[in-house]
file start32.cif (mmCIF, C-alpha atoms (C1' of nucleotides))
data_query
#
loop_
_atom_site.group_PDB
_atom_site.id
_atom_site.type_symbol
_atom_site.label_atom_id
_atom_site.label_comp_id
_atom_site.auth_asym_id
_atom_site.auth_seq_id
_atom_site.Cartn_x
_atom_site.Cartn_y
_atom_site.Cartn_z
ATOM 1 C CA MET D 12 -23.711 -0.117 -1.442
ATOM 2 C CA ILE D 13 -26.934 -0.959 -3.152
ATOM 3 C CA GLY D 14 -27.358 -2.857 -6.358
ATOM 4 C CA GLY D 15 -24.553 -5.341 -6.033
ATOM 5 C CA ILE D 16 -26.870 -8.333 -5.850
ATOM 6 C CA VAL D 17 -27.632 -10.121 -9.079
ATOM 7 C CA PHE D 18 -30.291 -12.818 -9.248
ATOM 8 C CA THR D 19 -28.866 -15.311 -11.671
ATOM 9 C CA PRO D 20 -30.773 -18.586 -11.888
ATOM 10 C CA ALA D 21 -27.773 -20.438 -10.461
ATOM 11 C CA ASN D 22 -27.510 -18.666 -7.098
ATOM 12 C CA CYS D 23 -31.238 -18.434 -6.587
ATOM 13 C CA PRO D 24 -33.159 -21.150 -4.729
ATOM 14 C CA MET D 25 -36.162 -18.856 -4.955
ATOM 15 C CA ARG D 26 -36.451 -19.951 -8.559
ATOM 16 C CA ASP D 27 -36.309 -23.629 -7.779
ATOM 17 C CA VAL D 28 -38.281 -23.718 -4.541
ATOM 18 C CA LEU D 29 -40.758 -20.862 -4.743
ATOM 19 C CA GLY D 30 -41.334 -21.592 -8.399
ATOM 20 C CA ASN D 31 -42.941 -24.875 -7.469
ATOM 21 C CA ILE D 32 -45.030 -23.672 -4.568
ATOM 22 C CA ALA D 33 -46.216 -20.784 -6.717
ATOM 23 C CA GLY D 34 -48.692 -22.979 -8.558
ATOM 24 C CA LYS D 35 -52.366 -22.204 -8.522
ATOM 25 C CA TRP D 36 -53.271 -24.948 -6.028
ATOM 26 C CA THR D 37 -50.044 -25.833 -4.240
ATOM 27 C CA THR D 38 -50.165 -23.620 -1.164
ATOM 28 C CA LEU D 39 -53.881 -24.287 -0.859
ATOM 29 C CA MET D 40 -53.272 -28.020 -0.598
ATOM 30 C CA ILE D 41 -50.467 -27.713 1.951
ATOM 31 C CA HIS D 42 -52.627 -25.439 4.032
ATOM 32 C CA ALA D 43 -55.533 -27.868 3.809
ATOM 33 C CA LEU D 44 -53.316 -30.638 5.165
ATOM 34 C CA SER D 45 -52.042 -28.488 8.032
ATOM 35 C CA GLU D 46 -54.589 -29.894 10.496
ATOM 36 C CA GLY D 47 -53.997 -33.526 9.704
ATOM 37 C CA PRO D 48 -53.975 -36.226 7.008
ATOM 38 C CA MET D 49 -56.734 -36.162 4.434
ATOM 39 C CA ARG D 50 -58.030 -38.520 1.797
ATOM 40 C CA PHE D 51 -58.286 -37.727 -1.876
ATOM 41 C CA SER D 52 -62.017 -37.152 -1.754
ATOM 42 C CA ALA D 53 -61.755 -35.013 1.378
ATOM 43 C CA LEU D 54 -59.241 -32.749 -0.339
ATOM 44 C CA LYS D 55 -61.578 -32.515 -3.295
ATOM 45 C CA ARG D 56 -64.371 -31.341 -0.992
ATOM 46 C CA THR D 57 -62.058 -28.857 0.728
ATOM 47 C CA ILE D 58 -61.137 -27.255 -2.593
ATOM 48 C CA PRO D 59 -64.396 -27.608 -4.509
ATOM 49 C CA ASP D 60 -63.338 -25.954 -7.740
ATOM 50 C CA ILE D 61 -60.209 -27.979 -8.392
ATOM 51 C CA SER D 62 -60.423 -30.536 -11.169
ATOM 52 C CA GLN D 63 -59.514 -34.144 -10.483
ATOM 53 C CA ARG D 64 -56.706 -33.788 -12.955
ATOM 54 C CA MET D 65 -55.139 -30.874 -11.088
ATOM 55 C CA LEU D 66 -55.713 -32.497 -7.704
ATOM 56 C CA THR D 67 -53.849 -35.618 -8.759
ATOM 57 C CA GLN D 68 -51.077 -33.677 -10.443
ATOM 58 C CA THR D 69 -50.538 -31.195 -7.619
ATOM 59 C CA LEU D 70 -50.445 -33.990 -5.040
ATOM 60 C CA ARG D 71 -47.827 -35.842 -7.067
ATOM 61 C CA ASP D 72 -45.716 -32.689 -7.461
ATOM 62 C CA LEU D 73 -45.866 -32.018 -3.730
ATOM 63 C CA GLN D 74 -44.955 -35.608 -2.987
ATOM 64 C CA ARG D 75 -42.046 -35.401 -5.398
ATOM 65 C CA ASP D 76 -40.640 -32.343 -3.660
ATOM 66 C CA GLY D 77 -41.045 -34.047 -0.286
ATOM 67 C CA TYR D 78 -43.772 -31.877 1.217
ATOM 68 C CA ILE D 79 -46.339 -34.635 1.584
ATOM 69 C CA SER D 80 -46.480 -38.415 1.963
ATOM 70 C CA ARG D 81 -48.912 -40.762 0.226
ATOM 71 C CA THR D 82 -50.229 -43.868 1.957
ATOM 72 C CA VAL D 83 -52.366 -46.410 0.150
ATOM 73 C CA TYR D 84 -54.753 -48.670 2.052
ATOM 74 C CA PRO D 85 -55.604 -51.642 -0.206
ATOM 75 C CA THR D 86 -59.191 -51.831 0.928
ATOM 76 C CA ASN D 87 -62.066 -52.222 -1.456
ATOM 77 C CA PRO D 88 -62.679 -49.650 -2.680
ATOM 78 C CA PRO D 89 -59.134 -48.395 -2.114
ATOM 79 C CA SER D 90 -58.403 -45.331 0.007
ATOM 80 C CA VAL D 91 -55.365 -43.072 -0.047
ATOM 81 C CA ASP D 92 -54.157 -40.812 2.724
ATOM 82 C CA TYR D 93 -52.098 -37.691 2.161
ATOM 83 C CA ALA D 94 -50.197 -36.095 5.034
ATOM 84 C CA LEU D 95 -47.534 -33.450 5.543
ATOM 85 C CA THR D 96 -43.999 -34.684 6.026
ATOM 86 C CA ASP D 97 -41.545 -33.042 8.415
ATOM 87 C CA LEU D 98 -40.488 -30.853 5.502
ATOM 88 C CA GLY D 99 -44.107 -29.942 4.830
ATOM 89 C CA ARG D 100 -44.742 -29.038 8.466
ATOM 90 C CA SER D 101 -41.541 -27.016 8.447
ATOM 91 C CA PHE D 102 -42.848 -25.114 5.445
ATOM 92 C CA LEU D 103 -46.014 -24.292 7.368
ATOM 93 C CA THR D 104 -43.985 -22.062 9.669
ATOM 94 C CA VAL D 105 -43.425 -19.669 6.791
ATOM 95 C CA LEU D 106 -46.635 -20.350 4.863
ATOM 96 C CA LEU D 107 -49.078 -19.593 7.667
ATOM 97 C CA PRO D 108 -47.701 -16.074 8.278
ATOM 98 C CA LEU D 109 -48.009 -15.515 4.543
ATOM 99 C CA VAL D 110 -51.651 -16.601 4.621
ATOM 100 C CA ASP D 111 -52.318 -14.372 7.627
ATOM 101 C CA TRP D 112 -50.709 -11.453 5.828
ATOM 102 C CA SER D 113 -52.860 -12.058 2.774
ATOM 103 C CA THR D 114 -55.996 -12.033 4.875
ATOM 104 C CA SER D 115 -55.054 -8.877 6.763
ATOM 105 C CA HIS D 116 -54.032 -6.901 3.689
ATOM 106 C CA HIS D 117 -56.544 -8.190 1.196
ATOM 107 C CA GLY D 118 -58.645 -5.061 1.574
ATOM 108 C CA ALA D 119 -55.721 -2.698 1.072
ATOM 109 C CA ILE D 120 -54.698 -4.519 -2.081
ATOM 110 C CA ARG D 121 -58.170 -4.430 -3.519
ATOM 111 C CA GLU D 122 -58.337 -0.701 -2.813
ATOM 112 C CA ALA D 123 -54.986 -0.182 -4.498
ATOM 113 C CA ARG D 124 -56.244 -1.992 -7.587
ATOM 114 C CA THR D 125 -59.398 0.075 -7.763
ATOM 115 C CA ALA D 126 -57.445 3.303 -7.385
ATOM 116 C CA PHE D 127 -54.927 2.264 -10.029
ATOM 117 C CA ASP D 128 -57.617 1.283 -12.500
ATOM 118 C CA ALA D 129 -59.532 4.495 -11.844
ATOM 119 C CA ALA D 130 -56.415 6.563 -12.528
ATOM 120 C CA GLY D 131 -56.317 4.828 -15.909
ATOM 121 C CA MET O 19 -63.043 -31.917 14.222
ATOM 122 C CA ILE O 20 -61.010 -31.980 11.067
ATOM 123 C CA GLY O 21 -62.151 -31.264 7.573
ATOM 124 C CA GLY O 22 -64.680 -28.540 8.242
ATOM 125 C CA ILE O 23 -62.756 -25.905 6.291
ATOM 126 C CA VAL O 24 -63.700 -25.419 2.668
ATOM 127 C CA PHE O 25 -61.609 -23.206 0.417
ATOM 128 C CA THR O 26 -64.180 -21.591 -1.811
ATOM 129 C CA PRO O 27 -62.856 -18.758 -3.946
ATOM 130 C CA ALA O 28 -65.062 -16.312 -2.048
ATOM 131 C CA ASN O 29 -63.653 -16.810 1.451
ATOM 132 C CA CYS O 30 -60.082 -17.184 0.299
ATOM 133 C CA PRO O 31 -57.749 -14.183 0.041
ATOM 134 C CA MET O 32 -54.984 -16.671 -0.709
ATOM 135 C CA ARG O 33 -56.432 -16.914 -4.176
ATOM 136 C CA ASP O 34 -56.541 -13.196 -4.757
ATOM 137 C CA VAL O 35 -53.347 -12.174 -2.977
ATOM 138 C CA LEU O 36 -50.982 -15.108 -3.254
ATOM 139 C CA GLY O 37 -52.158 -15.777 -6.785
ATOM 140 C CA ASN O 38 -50.580 -12.523 -7.883
ATOM 141 C CA ILE O 39 -47.315 -12.829 -6.021
ATOM 142 C CA ALA O 40 -46.984 -16.361 -7.366
ATOM 143 C CA GLY O 41 -45.804 -15.159 -10.753
ATOM 144 C CA LYS O 42 -42.437 -16.123 -12.116
ATOM 145 C CA TRP O 43 -40.764 -12.780 -11.387
ATOM 146 C CA THR O 44 -42.911 -11.083 -8.766
ATOM 147 C CA THR O 45 -41.224 -12.100 -5.531
ATOM 148 C CA LEU O 46 -37.844 -11.647 -7.164
ATOM 149 C CA MET O 47 -38.611 -8.008 -7.956
ATOM 150 C CA ILE O 48 -39.962 -7.211 -4.490
ATOM 151 C CA HIS O 49 -36.900 -8.793 -2.967
ATOM 152 C CA ALA O 50 -34.641 -6.811 -5.282
ATOM 153 C CA LEU O 51 -36.260 -3.574 -4.118
ATOM 154 C CA SER O 52 -35.906 -4.493 -0.448
ATOM 155 C CA GLU O 53 -32.689 -2.513 -0.041
ATOM 156 C CA GLY O 54 -33.910 0.652 -1.661
ATOM 157 C CA PRO O 55 -35.368 2.246 -4.800
ATOM 158 C CA MET O 56 -34.054 1.117 -8.141
ATOM 159 C CA ARG O 57 -34.307 2.318 -11.697
ATOM 160 C CA PHE O 58 -35.646 0.275 -14.590
ATOM 161 C CA SER O 59 -32.224 -0.514 -15.969
ATOM 162 C CA ALA O 60 -30.853 -1.392 -12.533
ATOM 163 C CA LEU O 61 -33.637 -3.932 -12.055
ATOM 164 C CA LYS O 62 -32.845 -5.334 -15.457
ATOM 165 C CA ARG O 63 -29.226 -5.841 -14.415
ATOM 166 C CA THR O 64 -30.270 -7.402 -11.111
ATOM 167 C CA ILE O 65 -32.419 -9.982 -12.882
ATOM 168 C CA PRO O 66 -30.416 -10.557 -16.055
ATOM 169 C CA ASP O 67 -32.649 -13.138 -17.690
ATOM 170 C CA ILE O 68 -35.896 -11.211 -17.513
ATOM 171 C CA SER O 69 -37.203 -9.769 -20.762
ATOM 172 C CA GLN O 70 -38.100 -6.088 -21.014
ATOM 173 C CA ARG O 71 -41.662 -7.132 -21.629
ATOM 174 C CA MET O 72 -41.896 -9.103 -18.384
ATOM 175 C CA LEU O 73 -40.022 -6.451 -16.429
ATOM 176 C CA THR O 74 -42.472 -3.767 -17.525
ATOM 177 C CA GLN O 75 -45.500 -5.968 -16.996
ATOM 178 C CA THR O 76 -44.465 -7.266 -13.573
ATOM 179 C CA LEU O 77 -43.669 -3.749 -12.380
ATOM 180 C CA ARG O 78 -47.075 -2.538 -13.516
ATOM 181 C CA ASP O 79 -48.838 -5.451 -11.815
ATOM 182 C CA LEU O 80 -46.978 -4.794 -8.572
ATOM 183 C CA GLN O 81 -47.791 -1.105 -8.785
ATOM 184 C CA ARG O 82 -51.446 -1.921 -9.409
ATOM 185 C CA ASP O 83 -51.638 -4.069 -6.291
ATOM 186 C CA GLY O 84 -49.939 -1.330 -4.269
ATOM 187 C CA TYR O 85 -46.635 -3.060 -3.520
ATOM 188 C CA ILE O 86 -44.441 -0.534 -5.306
ATOM 189 C CA SER O 87 -44.493 3.100 -6.355
ATOM 190 C CA ARG O 88 -43.330 4.525 -9.666
ATOM 191 C CA THR O 89 -41.685 7.946 -9.876
ATOM 192 C CA VAL O 90 -40.824 9.568 -13.200
ATOM 193 C CA TYR O 91 -38.074 12.180 -13.455
ATOM 194 C CA PRO O 92 -38.601 14.116 -16.722
ATOM 195 C CA THR O 93 -34.925 14.440 -17.430
ATOM 196 C CA ASN O 94 -33.400 13.736 -20.804
ATOM 197 C CA PRO O 95 -33.144 10.855 -21.218
ATOM 198 C CA PRO O 96 -35.953 10.109 -18.769
ATOM 199 C CA SER O 97 -35.387 8.066 -15.637
ATOM 200 C CA VAL O 98 -37.923 6.156 -13.549
ATOM 201 C CA ASP O 99 -37.544 5.065 -9.968
ATOM 202 C CA TYR O 100 -39.327 2.097 -8.451
ATOM 203 C CA ALA O 101 -39.610 1.725 -4.679
ATOM 204 C CA LEU O 102 -41.495 -0.383 -2.171
ATOM 205 C CA THR O 103 -44.538 1.218 -0.592
ATOM 206 C CA ASP O 104 -45.508 0.690 3.036
ATOM 207 C CA LEU O 105 -47.554 -2.275 1.851
ATOM 208 C CA GLY O 106 -44.556 -3.649 -0.011
ATOM 209 C CA ARG O 107 -42.284 -3.289 3.005
ATOM 210 C CA SER O 108 -44.952 -4.936 5.121
ATOM 211 C CA PHE O 109 -44.968 -7.844 2.712
ATOM 212 C CA LEU O 110 -41.210 -8.205 3.147
ATOM 213 C CA THR O 111 -41.786 -9.328 6.729
ATOM 214 C CA VAL O 112 -43.371 -12.530 5.410
ATOM 215 C CA LEU O 113 -41.433 -12.817 2.156
ATOM 216 C CA LEU O 114 -37.954 -12.765 3.639
ATOM 217 C CA PRO O 115 -38.598 -15.732 5.966
ATOM 218 C CA LEU O 116 -39.952 -17.555 2.942
ATOM 219 C CA VAL O 117 -36.769 -16.826 1.004
ATOM 220 C CA ASP O 118 -34.642 -17.943 3.938
ATOM 221 C CA TRP O 119 -36.639 -21.155 4.180
ATOM 222 C CA SER O 120 -36.142 -21.814 0.487
ATOM 223 C CA THR O 121 -32.412 -21.400 0.829
ATOM 224 C CA SER O 122 -32.138 -23.628 3.895
ATOM 225 C CA HIS O 123 -34.272 -26.444 2.505
ATOM 226 C CA HIS O 124 -33.242 -26.327 -1.122
ATOM 227 C CA GLY O 125 -30.958 -29.297 -0.647
ATOM 228 C CA ALA O 126 -33.596 -31.428 1.073
ATOM 229 C CA ILE O 127 -36.071 -30.723 -1.709
ATOM 230 C CA ARG O 128 -33.615 -31.617 -4.418
ATOM 231 C CA GLU O 129 -32.845 -34.860 -2.620
ATOM 232 C CA ALA O 130 -36.544 -35.635 -2.327
ATOM 233 C CA ARG O 131 -36.949 -35.121 -6.053
ATOM 234 C CA THR O 132 -34.058 -37.396 -6.884
ATOM 235 C CA ALA O 133 -35.370 -40.109 -4.574
ATOM 236 C CA PHE O 134 -38.872 -39.822 -6.005
ATOM 237 C CA ASP O 135 -37.655 -40.013 -9.588
ATOM 238 C CA ALA O 136 -35.420 -42.944 -8.775
ATOM 239 C CA ALA O 137 -38.329 -44.829 -7.212
ATOM 240 C CA GLY O 138 -40.107 -44.338 -10.539
ATOM 241 C "C1'" DC J 18 -62.762 -44.346 -4.506
ATOM 242 C "C1'" DT J 19 -58.761 -42.984 -6.734
ATOM 243 C "C1'" DG J 20 -56.839 -42.280 -10.245
ATOM 244 C "C1'" DC J 21 -54.969 -42.066 -15.694
ATOM 245 C "C1'" DA J 22 -55.566 -40.679 -20.797
ATOM 246 C "C1'" DT J 23 -57.052 -37.539 -24.097
ATOM 247 C "C1'" DC J 24 -58.502 -33.343 -26.173
ATOM 248 C "C1'" DC J 25 -58.959 -28.602 -26.019
ATOM 249 C "C1'" DT J 26 -58.689 -23.764 -24.419
ATOM 250 C "C1'" DT J 27 -56.361 -20.218 -22.138
ATOM 251 C "C1'" DG J 28 -52.808 -17.304 -20.902
ATOM 252 C "C1'" DC J 29 -47.888 -16.854 -19.555
ATOM 253 C "C1'" DC J 30 -43.799 -15.662 -21.320
ATOM 254 C "C1'" DG J 31 -39.863 -14.912 -24.703
ATOM 255 C "C1'" DA J 32 -38.117 -12.742 -28.991
ATOM 256 C "C1'" DT J 33 -38.124 -9.064 -31.875
ATOM 257 C "C1'" DA J 34 -38.921 -4.603 -33.691
ATOM 258 C "C1'" DC J 35 -40.268 0.083 -32.963
ATOM 259 C "C1'" DT J 36 -41.102 4.894 -30.185
ATOM 260 C "C1'" DG J 37 -40.556 9.420 -27.165
ATOM 261 C "C1'" DC P 11 -33.404 5.266 -20.907
ATOM 262 C "C1'" DA P 12 -37.768 3.383 -20.492
ATOM 263 C "C1'" DG P 13 -40.934 1.773 -22.423
ATOM 264 C "C1'" DT P 14 -44.963 -0.121 -26.352
ATOM 265 C "C1'" DA P 15 -46.697 -3.425 -29.996
ATOM 266 C "C1'" DT P 16 -46.997 -7.734 -32.112
ATOM 267 C "C1'" DC P 17 -46.252 -12.551 -32.975
ATOM 268 C "C1'" DG P 18 -45.768 -17.184 -31.623
ATOM 269 C "C1'" DG P 19 -44.384 -21.293 -28.606
ATOM 270 C "C1'" DC P 20 -45.389 -23.859 -24.886
ATOM 271 C "C1'" DA P 21 -47.130 -25.277 -20.597
ATOM 272 C "C1'" DA P 22 -50.962 -24.821 -17.194
ATOM 273 C "C1'" DG P 23 -55.248 -25.969 -16.569
ATOM 274 C "C1'" DG P 24 -60.427 -27.557 -17.520
ATOM 275 C "C1'" DA P 25 -63.770 -31.204 -19.400
ATOM 276 C "C1'" DT P 26 -64.711 -35.612 -20.355
ATOM 277 C "C1'" DG P 27 -64.314 -40.512 -20.562
ATOM 278 C "C1'" DC P 28 -62.220 -44.850 -19.016
ATOM 279 C "C1'" DA P 29 -59.845 -48.204 -15.518
ATOM 280 C "C1'" DG P 30 -58.206 -50.807 -11.215
#
call {"tool": "encode", "arguments": {"input": "start32.cif", "output": "structure tokens"}}
result
Amino acid sequence: MIGGIVFTPANCPMRDVLGNIAGKWTTLMIHALSEGPMRFSALKRTIPDISQRMLTQTLRDLQRDGYISRTVYPTNPPSVDYALTDLGRSFLTVLLPLVDWSTSHHGAIREARTAFDAAG
Amino acid sequence: MIGGIVFTPANCPMRDVLGNIAGKWTTLMIHALSEGPMRFSALKRTIPDISQRMLTQTLRDLQRDGYISRTVYPTNPPSVDYALTDLGRSFLTVLLPLVDWSTSHHGAIREARTAFDAAG
DNA sequence: CTGCATCCTTGCCGATACTG
DNA sequence: CAGTATCGGCAAGGATGCAG
């Protein structure tokens, strides 16, 4: 039988989990940290067009959900390291295939858009 | 060497592909169609708290990007079938693991949030 | 260097009413 | 049944300035 599934908010972790990683910068940041810890300024260079406001906010959201850790070194000037937690590295196992898929099918999607828009 | 990657919008399909599937309802709709074609009203029942406006708009966006097809049967009253395309089914291979991951780690994420908020 | 505070713009999304 | 049209709230996000 088809159609018996109902996605109420209550039985749907997709809402609560994917909703947060669906932000504009979230997956980008996790992916940037996949090769190792990075400092605030390094992340800023890796994603040039993110504002400082969004960088700070996204990092805090990811830390809150347990994807990344934040380590402060009280040097002068101070430096802060961000790194993936075990949860964050676990998430990579499903994120990286998603990124690969996006890369492989980017062309097909762009063609579909053009065709759709042409059909008016 | 670490840190050599720079995510400019130009070299980053994540922006163009994941940005569109990151909507509030998008992945939910693709997942709903994973078992077979569904009509407009059936989708509405599957995702009870979506508005007609968002249902229509999300379906059109997904059709534009080539994930789903739209078939109109000129009966009276009219009926419309939505179904995954090959591209949409291909996307399922990376979406479903993501959904499974969300389900398995939902608890850990909620605990992380609580701990973070408690730490203030 | 690594943030936080503020203002402002944009666009997502819901509610409602109306159509073939 | 399957949409379209319009209005409005609210949150995401950008720009700028200030602080530890």
call {"tool": "residues_around", "arguments": {"input": "start32.cif", "residues": "stretch 11-24 of chain P", "least_positions_apart": "5", "cutoff": "8 Å", "atoms": "only C-alpha atoms (C1' of nucleotides)", "output": "list in words"}}
result
Ser62 and Met65 of chain D; Phe58, Ser59, Thr74, Pro95, Pro96, Ser97 and Val98 of chain O; DC35 and DT36 of chain J
call {"tool": "closest_atom_pairs", "arguments": {"input": "start32.cif", "of": "chain J", "to": "chain D", "cutoff": "12 Å", "atoms": "only C-alpha atoms (C1' of nucleotides)", "output": "tab-separated table"}}
result
residue	atom	partner	partner_atom	distance
J:DC18	C1'	D:Pro88	CA	5.6
J:DT19	C1'	D:Pro89	CA	7.1
J:DG20	C1'	D:Thr67	CA	7.5
J:DC21	C1'	D:Arg64	CA	8.9
J:DA22	C1'	D:Arg64	CA	10.5
J:DT23	C1'	D:Arg64	CA	11.8
call {"tool": "atom_distance", "arguments": {"input": "start32.cif", "atom1": "atom CA of O:Val24", "atom2": "atom CA of D:Thr57"}}
result
4.3 Å
call {"tool": "closest_residue", "arguments": {"input": "start32.cif", "among": "O:Leu116, O:Leu46, O:Ala133, O:Leu102", "to": "O:Arg88", "atoms": "all atoms listed in the file"}}
result
O:Leu102
call {"tool": "atom_distance", "arguments": {"input": "start32.cif", "atom1": "atom CA of O:Tyr85", "atom2": "atom CA of O:Arg107"}}
result
7.8 Å
call {"tool": "atom_distance", "arguments": {"input": "start32.cif", "atom1": "atom CA of D:Gln68", "atom2": "atom CA of D:Leu44"}}
result
16.1 Å
call {"tool": "build_atoms", "arguments": {"input": "start32.cif", "residues": "stretch 91-99 of chain O", "atoms": "all heavy atoms", "output": "PDB file, in the coordinates of the input"}}
result
ATOM      1  N   TYR O  91     -38.822  10.936 -13.423  1.00  0.00           N
ATOM      2  CA  TYR O  91     -38.074  12.180 -13.455  1.00  0.00           C
ATOM      3  C   TYR O  91     -37.924  12.600 -14.914  1.00  0.00           C
ATOM      4  O   TYR O  91     -37.231  11.910 -15.689  1.00  0.00           O
ATOM      5  CB  TYR O  91     -36.712  12.011 -12.802  1.00  0.00           C
ATOM      6  CG  TYR O  91     -36.813  11.619 -11.344  1.00  0.00           C
ATOM      7  CD1 TYR O  91     -36.648  10.298 -10.952  1.00  0.00           C
ATOM      8  CD2 TYR O  91     -37.091  12.577 -10.369  1.00  0.00           C
ATOM      9  CE1 TYR O  91     -36.753   9.931  -9.606  1.00  0.00           C
ATOM     10  CE2 TYR O  91     -37.200  12.216  -9.032  1.00  0.00           C
ATOM     11  CZ  TYR O  91     -37.024  10.897  -8.664  1.00  0.00           C
ATOM     12  OH  TYR O  91     -37.138  10.543  -7.347  1.00  0.00           O
ATOM     13  N   PRO O  92     -38.562  13.723 -15.302  1.00  0.00           N
ATOM     14  CA  PRO O  92     -38.601  14.116 -16.722  1.00  0.00           C
ATOM     15  C   PRO O  92     -37.287  14.707 -17.196  1.00  0.00           C
ATOM     16  O   PRO O  92     -37.262  15.776 -17.785  1.00  0.00           O
ATOM     17  CB  PRO O  92     -39.741  15.139 -16.762  1.00  0.00           C
ATOM     18  CG  PRO O  92     -39.747  15.728 -15.401  1.00  0.00           C
ATOM     19  CD  PRO O  92     -39.262  14.678 -14.457  1.00  0.00           C
ATOM     20  N   THR O  93     -36.223  14.012 -16.929  1.00  0.00           N
ATOM     21  CA  THR O  93     -34.925  14.440 -17.430  1.00  0.00           C
ATOM     22  C   THR O  93     -34.779  13.975 -18.877  1.00  0.00           C
ATOM     23  O   THR O  93     -35.688  13.397 -19.447  1.00  0.00           O
ATOM     24  CB  THR O  93     -33.809  13.794 -16.583  1.00  0.00           C
ATOM     25  OG1 THR O  93     -34.008  12.375 -16.566  1.00  0.00           O
ATOM     26  CG2 THR O  93     -33.832  14.326 -15.176  1.00  0.00           C
ATOM     27  N   ASN O  94     -33.628  14.216 -19.451  1.00  0.00           N
ATOM     28  CA  ASN O  94     -33.400  13.736 -20.804  1.00  0.00           C
ATOM     29  C   ASN O  94     -32.016  13.077 -20.868  1.00  0.00           C
ATOM     30  O   ASN O  94     -31.009  13.753 -20.758  1.00  0.00           O
ATOM     31  CB  ASN O  94     -33.466  14.908 -21.795  1.00  0.00           C
ATOM     32  CG  ASN O  94     -33.549  14.405 -23.222  1.00  0.00           C
ATOM     33  OD1 ASN O  94     -33.174  13.275 -23.512  1.00  0.00           O
ATOM     34  ND2 ASN O  94     -34.034  15.259 -24.108  1.00  0.00           N
ATOM     35  N   PRO O  95     -32.015  11.768 -21.067  1.00  0.00           N
ATOM     36  CA  PRO O  95     -33.144  10.855 -21.218  1.00  0.00           C
ATOM     37  C   PRO O  95     -33.879  10.663 -19.903  1.00  0.00           C
ATOM     38  O   PRO O  95     -33.291  10.873 -18.839  1.00  0.00           O
ATOM     39  CB  PRO O  95     -32.471   9.553 -21.673  1.00  0.00           C
ATOM     40  CG  PRO O  95     -31.093   9.633 -21.160  1.00  0.00           C
ATOM     41  CD  PRO O  95     -30.725  11.075 -21.150  1.00  0.00           C
ATOM     42  N   PRO O  96     -35.146  10.251 -19.972  1.00  0.00           N
ATOM     43  CA  PRO O  96     -35.953  10.109 -18.769  1.00  0.00           C
ATOM     44  C   PRO O  96     -35.448   9.002 -17.855  1.00  0.00           C
ATOM     45  O   PRO O  96     -34.826   8.053 -18.317  1.00  0.00           O
ATOM     46  CB  PRO O  96     -37.331   9.757 -19.323  1.00  0.00           C
ATOM     47  CG  PRO O  96     -37.068   9.162 -20.657  1.00  0.00           C
ATOM     48  CD  PRO O  96     -35.871   9.854 -21.182  1.00  0.00           C
ATOM     49  N   SER O  97     -35.700   9.149 -16.570  1.00  0.00           N
ATOM     50  CA  SER O  97     -35.387   8.066 -15.637  1.00  0.00           C
ATOM     51  C   SER O  97     -36.604   7.798 -14.762  1.00  0.00           C
ATOM     52  O   SER O  97     -37.391   8.701 -14.478  1.00  0.00           O
ATOM     53  CB  SER O  97     -34.176   8.428 -14.774  1.00  0.00           C
ATOM     54  OG  SER O  97     -34.527   9.403 -13.831  1.00  0.00           O
ATOM     55  N   VAL O  98     -36.773   6.556 -14.362  1.00  0.00           N
ATOM     56  CA  VAL O  98     -37.923   6.156 -13.549  1.00  0.00           C
ATOM     57  C   VAL O  98     -37.436   5.363 -12.353  1.00  0.00           C
ATOM     58  O   VAL O  98     -36.627   4.452 -12.504  1.00  0.00           O
ATOM     59  CB  VAL O  98     -38.909   5.298 -14.380  1.00  0.00           C
ATOM     60  CG1 VAL O  98     -40.113   4.903 -13.524  1.00  0.00           C
ATOM     61  CG2 VAL O  98     -39.364   6.050 -15.619  1.00  0.00           C
ATOM     62  N   ASP O  99     -37.915   5.755 -11.187  1.00  0.00           N
ATOM     63  CA  ASP O  99     -37.544   5.065  -9.968  1.00  0.00           C
ATOM     64  C   ASP O  99     -38.692   4.191  -9.467  1.00  0.00           C
ATOM     65  O   ASP O  99     -39.843   4.633  -9.422  1.00  0.00           O
ATOM     66  CB  ASP O  99     -37.203   6.092  -8.870  1.00  0.00           C
ATOM     67  CG  ASP O  99     -35.725   6.098  -8.558  1.00  0.00           C
ATOM     68  OD1 ASP O  99     -34.931   6.047  -9.522  1.00  0.00           O
ATOM     69  OD2 ASP O  99     -35.369   6.131  -7.366  1.00  0.00           O
TER      70      ASP O  99
END
